[in-house]
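Structure first, then comments.
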Amino acid sequence: MHSIRLISFGYLHLPTDPTGRPIPPAADRVEDVRDRLRDPAAARGILDLDGFHPRVQDVVLNTPGAHELIDNLVSYAMLLAGPRSIAIGCAGGRHRACALTEIAGHRLKQLGREVTMEHMHAHLPRVLNKTSS
């Protein structure tokens with residue numbers, strides 16, 4: 001089975017097309033979690049943390065719909081003729097996308113998949129923008 005590349009990113013950091021829409025990284029599947037999972041940055045004590053931190057991952061996992069999304073991503077990635085890349089994006093790329101990428105990546109490794117993980121924006125400061133759902 002071929003290796004899979006998981007990419008986390010933040011829509012607010014992406015270049016835009018001529019109409020102003022963000023251009024996500026090229027991938028076989030792009031998962032936009034901005035409206036699908038609530039922003040965990042509102043949780044106390046994690047504002048300065050990122051999705052690598054177990055506390056942020058716990059907050060994301062306890063968000064309604066998160067387990068189903070991870071199960072779906074892992075099932076899709078395990079298909080024999082499945083994807084070579086999956087990109088997961090949230091507003092800033094620091095909390096939800098990073099945590100989901102880490103969680104899914106570790107689960108895939110436990111299932112025997114060769115996985116590379118790339119975090120495009122997790123290292124950037126939190127985006128302070130009221131429209132960044």
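Please note that chains go A, B, ... in the order of the structure tokens, that every chain numbers its residues from 1, and that ligands are numbered from 1 in the order shown.
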Residues near A:Asp50, cut-off 12 Å, only C-alpha atoms, skip fewer than 4 positions along chain, as a short mmCIF file (atom, residue, chain, number, x, y, z; two decimals) with all heavy atoms, in the first residue's frame:
```
data_model
loop_
_atom_site.label_atom_id
_atom_site.label_comp_id
_atom_site.auth_asym_id
_atom_site.auth_seq_id
_atom_site.Cartn_x
_atom_site.Cartn_y
_atom_site.Cartn_z
N SER A 8 -2.17 19.82 7.25
CA SER A 8 -3.08 20.73 7.95
C SER A 8 -2.77 22.15 7.47
O SER A 8 -1.63 22.47 7.15
CB SER A 8 -2.92 20.63 9.47
OG SER A 8 -1.73 21.24 9.92
N PRO A 40 -12.12 25.33 18.86
CA PRO A 40 -11.73 25.05 20.24
C PRO A 40 -10.94 26.18 20.89
O PRO A 40 -10.68 26.15 22.09
CB PRO A 40 -10.87 23.79 20.12
CG PRO A 40 -10.25 23.94 18.78
CD PRO A 40 -11.32 24.58 17.91
N ALA A 41 -10.56 27.19 20.13
CA ALA A 41 -9.75 28.28 20.68
C ALA A 41 -10.51 29.02 21.78
O ALA A 41 -9.90 29.71 22.59
CB ALA A 41 -9.33 29.24 19.58
N GLY A 45 -7.65 28.14 28.48
CA GLY A 45 -6.32 27.58 28.67
C GLY A 45 -5.66 26.98 27.45
O GLY A 45 -4.56 26.44 27.59
N ILE A 46 -6.25 27.06 26.28
CA ILE A 46 -5.57 26.48 25.12
C ILE A 46 -5.26 27.51 24.03
O ILE A 46 -4.73 27.15 22.99
CB ILE A 46 -6.36 25.30 24.49
CG1 ILE A 46 -7.65 25.77 23.84
CG2 ILE A 46 -6.61 24.21 25.50
CD1 ILE A 46 -8.25 24.75 22.91
N PRO A 54 -1.62 17.61 23.73
CA PRO A 54 -2.69 16.67 24.09
C PRO A 54 -3.97 17.36 24.59
O PRO A 54 -5.07 16.88 24.34
CB PRO A 54 -2.08 15.81 25.19
CG PRO A 54 -0.61 15.94 25.01
CD PRO A 54 -0.37 17.30 24.42
N ARG A 55 -3.82 18.48 25.26
CA ARG A 55 -5.01 19.19 25.76
C ARG A 55 -5.87 19.70 24.60
O ARG A 55 -7.09 19.60 24.65
CB ARG A 55 -4.56 20.34 26.65
CG ARG A 55 -5.69 20.92 27.44
CD ARG A 55 -5.15 21.55 28.72
NE ARG A 55 -6.22 22.30 29.31
CZ ARG A 55 -6.08 23.48 29.86
NH1 ARG A 55 -4.89 24.05 29.90
NH2 ARG A 55 -7.10 24.11 30.38
N VAL A 56 -5.25 20.25 23.58
CA VAL A 56 -5.99 20.72 22.40
C VAL A 56 -6.62 19.52 21.70
O VAL A 56 -7.78 19.58 21.28
CB VAL A 56 -5.06 21.51 21.45
CG1 VAL A 56 -5.81 21.86 20.16
CG2 VAL A 56 -4.53 22.76 22.13
N GLN A 57 -5.88 18.43 21.57
CA GLN A 57 -6.43 17.24 20.92
C GLN A 57 -7.64 16.72 21.68
O GLN A 57 -8.63 16.32 21.06
CB GLN A 57 -5.35 16.16 20.79
CG GLN A 57 -4.27 16.55 19.79
CD GLN A 57 -3.18 15.51 19.65
OE1 GLN A 57 -3.30 14.39 20.09
NE2 GLN A 57 -2.08 15.91 19.01
N ASP A 58 -7.60 16.76 23.01
CA ASP A 58 -8.75 16.33 23.81
C ASP A 58 -9.96 17.22 23.56
O ASP A 58 -11.08 16.74 23.42
CB ASP A 58 -8.42 16.33 25.30
CG ASP A 58 -7.53 15.17 25.71
OD1 ASP A 58 -7.42 14.19 24.94
OD2 ASP A 58 -6.94 15.25 26.80
N VAL A 59 -9.73 18.53 23.49
CA VAL A 59 -10.84 19.47 23.24
C VAL A 59 -11.44 19.18 21.85
O VAL A 59 -12.65 19.13 21.69
CB VAL A 59 -10.38 20.94 23.36
CG1 VAL A 59 -11.44 21.90 22.86
CG2 VAL A 59 -10.01 21.26 24.81
N VAL A 60 -10.58 19.00 20.87
CA VAL A 60 -11.07 18.72 19.51
C VAL A 60 -11.83 17.39 19.49
O VAL A 60 -12.92 17.30 18.93
CB VAL A 60 -9.91 18.73 18.49
CG1 VAL A 60 -10.37 18.21 17.13
CG2 VAL A 60 -9.33 20.13 18.35
N GLY A 92 -7.41 29.11 11.16
CA GLY A 92 -6.01 29.49 11.24
C GLY A 92 -5.01 28.37 11.09
O GLY A 92 -3.82 28.61 10.95
N GLY A 93 -5.48 27.12 11.14
CA GLY A 93 -4.60 25.97 10.97
C GLY A 93 -3.83 25.59 12.22
O GLY A 93 -2.97 24.72 12.19
N ARG A 94 -4.17 26.21 13.34
CA ARG A 94 -3.40 26.02 14.57
C ARG A 94 -4.01 24.99 15.52
O ARG A 94 -3.29 24.29 16.21
CB ARG A 94 -3.28 27.36 15.27
CG ARG A 94 -2.41 27.36 16.47
CD ARG A 94 -2.18 28.81 16.93
NE ARG A 94 -1.56 28.83 18.23
CZ ARG A 94 -0.26 28.71 18.45
NH1 ARG A 94 0.55 28.56 17.42
NH2 ARG A 94 0.22 28.74 19.67
N HIS A 95 -5.34 24.91 15.57
CA HIS A 95 -6.00 24.04 16.54
C HIS A 95 -6.66 22.83 15.88
O HIS A 95 -6.12 21.73 15.91
CB HIS A 95 -7.01 24.84 17.38
CG HIS A 95 -6.37 25.87 18.24
ND1 HIS A 95 -6.48 27.22 17.96
CD2 HIS A 95 -5.62 25.77 19.35
CE1 HIS A 95 -5.81 27.90 18.88
NE2 HIS A 95 -5.28 27.04 19.75
N ARG A 96 -7.83 23.03 15.27
CA ARG A 96 -8.60 21.90 14.73
C ARG A 96 -7.85 21.12 13.67
O ARG A 96 -7.72 19.90 13.76
CB ARG A 96 -9.94 22.39 14.15
CG ARG A 96 -10.92 22.87 15.18
CD ARG A 96 -12.09 23.57 14.53
NE ARG A 96 -11.65 24.90 14.08
CZ ARG A 96 -12.45 25.83 13.58
NH1 ARG A 96 -13.73 25.57 13.43
NH2 ARG A 96 -11.98 26.99 13.20
N ALA A 97 -7.37 21.80 12.63
CA ALA A 97 -6.72 21.10 11.52
C ALA A 97 -5.46 20.37 11.97
O ALA A 97 -5.23 19.22 11.61
CB ALA A 97 -6.38 22.08 10.39
N CYS A 98 -4.67 21.03 12.79
CA CYS A 98 -3.43 20.41 13.28
C CYS A 98 -3.75 19.19 14.14
O CYS A 98 -3.17 18.12 13.96
CB CYS A 98 -2.63 21.45 14.07
SG CYS A 98 -1.10 20.82 14.77
N ALA A 99 -4.69 19.34 15.09
CA ALA A 99 -5.04 18.23 15.97
C ALA A 99 -5.61 17.05 15.18
O ALA A 99 -5.22 15.90 15.40
CB ALA A 99 -6.04 18.69 17.03
N LEU A 100 -6.53 17.32 14.26
CA LEU A 100 -7.14 16.25 13.47
C LEU A 100 -6.09 15.52 12.63
O LEU A 100 -6.13 14.29 12.50
CB LEU A 100 -8.24 16.80 12.57
CG LEU A 100 -9.50 17.27 13.29
CD1 LEU A 100 -10.36 18.08 12.35
CD2 LEU A 100 -10.28 16.11 13.87
N THR A 101 -5.17 16.27 12.06
CA THR A 101 -4.10 15.67 11.26
C THR A 101 -3.23 14.76 12.13
O THR A 101 -2.91 13.63 11.74
CB THR A 101 -3.25 16.76 10.59
OG1 THR A 101 -4.09 17.50 9.69
CG2 THR A 101 -2.07 16.19 9.83
N GLU A 102 -2.87 15.23 13.30
CA GLU A 102 -2.05 14.43 14.21
C GLU A 102 -2.79 13.17 14.65
O GLU A 102 -2.23 12.07 14.63
CB GLU A 102 -1.65 15.26 15.43
CG GLU A 102 -0.58 16.28 15.15
CD GLU A 102 0.75 15.63 14.80
OE1 GLU A 102 1.23 14.76 15.56
OE2 GLU A 102 1.34 16.01 13.77
N HIS A 119 2.35 20.37 8.48
CA HIS A 119 1.53 21.40 9.10
C HIS A 119 1.96 22.75 8.54
O HIS A 119 3.02 23.26 8.90
CB HIS A 119 1.66 21.35 10.62
CG HIS A 119 1.22 20.04 11.19
ND1 HIS A 119 -0.10 19.74 11.40
CD2 HIS A 119 1.93 18.95 11.57
CE1 HIS A 119 -0.19 18.52 11.91
NE2 HIS A 119 1.02 18.02 12.01
N HIS A 121 0.53 25.82 8.77
CA HIS A 121 0.33 27.06 9.51
C HIS A 121 0.26 26.90 11.03
O HIS A 121 0.02 27.87 11.74
CB HIS A 121 -0.95 27.75 9.02
CG HIS A 121 -0.94 28.00 7.55
ND1 HIS A 121 -1.89 27.47 6.70
CD2 HIS A 121 -0.07 28.68 6.77
CE1 HIS A 121 -1.62 27.84 5.46
NE2 HIS A 121 -0.51 28.56 5.47
N ALA A 122 0.48 25.70 11.56
CA ALA A 122 0.35 25.47 13.00
C ALA A 122 1.34 26.31 13.81
O ALA A 122 1.08 26.64 14.96
CB ALA A 122 0.55 23.99 13.32
N HIS A 123 2.43 26.68 13.20
CA HIS A 123 3.47 27.45 13.90
C HIS A 123 3.17 28.95 13.94
O HIS A 123 3.83 29.69 14.65
CB HIS A 123 4.82 27.23 13.22
CG HIS A 123 4.86 27.78 11.82
ND1 HIS A 123 4.20 27.17 10.77
CD2 HIS A 123 5.44 28.89 11.32
CE1 HIS A 123 4.39 27.89 9.67
NE2 HIS A 123 5.14 28.92 9.97
N LEU A 124 2.17 29.38 13.19
CA LEU A 124 1.85 30.81 13.13
C LEU A 124 1.01 31.24 14.32
O LEU A 124 0.28 30.43 14.90
CB LEU A 124 1.11 31.12 11.83
CG LEU A 124 1.91 30.86 10.55
CD1 LEU A 124 1.04 31.11 9.32
CD2 LEU A 124 3.16 31.72 10.51
N PRO A 125 1.07 32.52 14.69
CA PRO A 125 0.23 32.99 15.80
C PRO A 125 -1.25 32.81 15.49
O PRO A 125 -1.66 32.79 14.33
CB PRO A 125 0.58 34.49 15.90
CG PRO A 125 1.84 34.67 15.14
CD PRO A 125 1.90 33.57 14.12
N ARG A 126 -2.03 32.68 16.55
CA ARG A 126 -3.47 32.54 16.43
C ARG A 126 -4.04 33.73 15.67
O ARG A 126 -3.64 34.87 15.89
CB ARG A 126 -4.08 32.47 17.83
CG ARG A 126 -5.51 32.05 17.81
CD ARG A 126 -5.98 31.81 19.25
NE ARG A 126 -7.27 32.43 19.38
CZ ARG A 126 -7.52 33.56 19.99
NH1 ARG A 126 -6.56 34.22 20.56
NH2 ARG A 126 -8.74 34.04 20.04
#
```
Inset, instruction - Mind listing the helix (DSSP H, G or I) residues of stretch 18-55 of chain A, per DSSP on the backbone, as a list in words? - result: Pro40, Ala41, Ala42, Pro54 and Arg55 of chain A
Inset, instruction - Find the spatial neighbours of A:Asp28, counting only C-alpha atoms, within a cut-off of 12 Å - ignore same-chain residues fewer than 4 positions away - and output them as a list in words. - result: Ile4, Arg5, Leu6, Ile7, Pro24, Leu73, Tyr76, Ala77, Ala81, Gly82, Pro83, Arg84, Ser85, Ile86, Ala87 and Ile88 of chain A
Legend entry - Which of stretch 1-130 of chain A fall in strand (DSSP E or B), as an MDAnalysis selection string: chainID A and resid 4:10 16 22 29:32 85:90 115:119
Legend entry - Contact residues around A:Tyr11 with only C-alpha atoms at 9 Å, ignoring same-chain residues under 6 positions, as a PyMOL selection string: chain A and resi 22-24+32+34+89-93+132
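Among the candidates A:Val74, A:Leu12, A:Val30, A:Leu61, the one nearest to A:Leu111 when counting only C-alpha atoms is A:Val74.
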Legend entry - Two-atom distance - atom CA of A:Arg29, atom CA of A:Val127 (Å):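 We find that atom CA of A:Arg29 and atom CA of A:Val127 lie 24.4 Å from each other.
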Legend entry - Interatomic distance, atom CA of A:Arg113 to atom CA of A:Ser3 (Å, one decimal):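 Here the two named atoms are 6.4 Å from each other.
Atom CA of A:Asn72 lies 26.1 Å from atom CA of A:Leu49.
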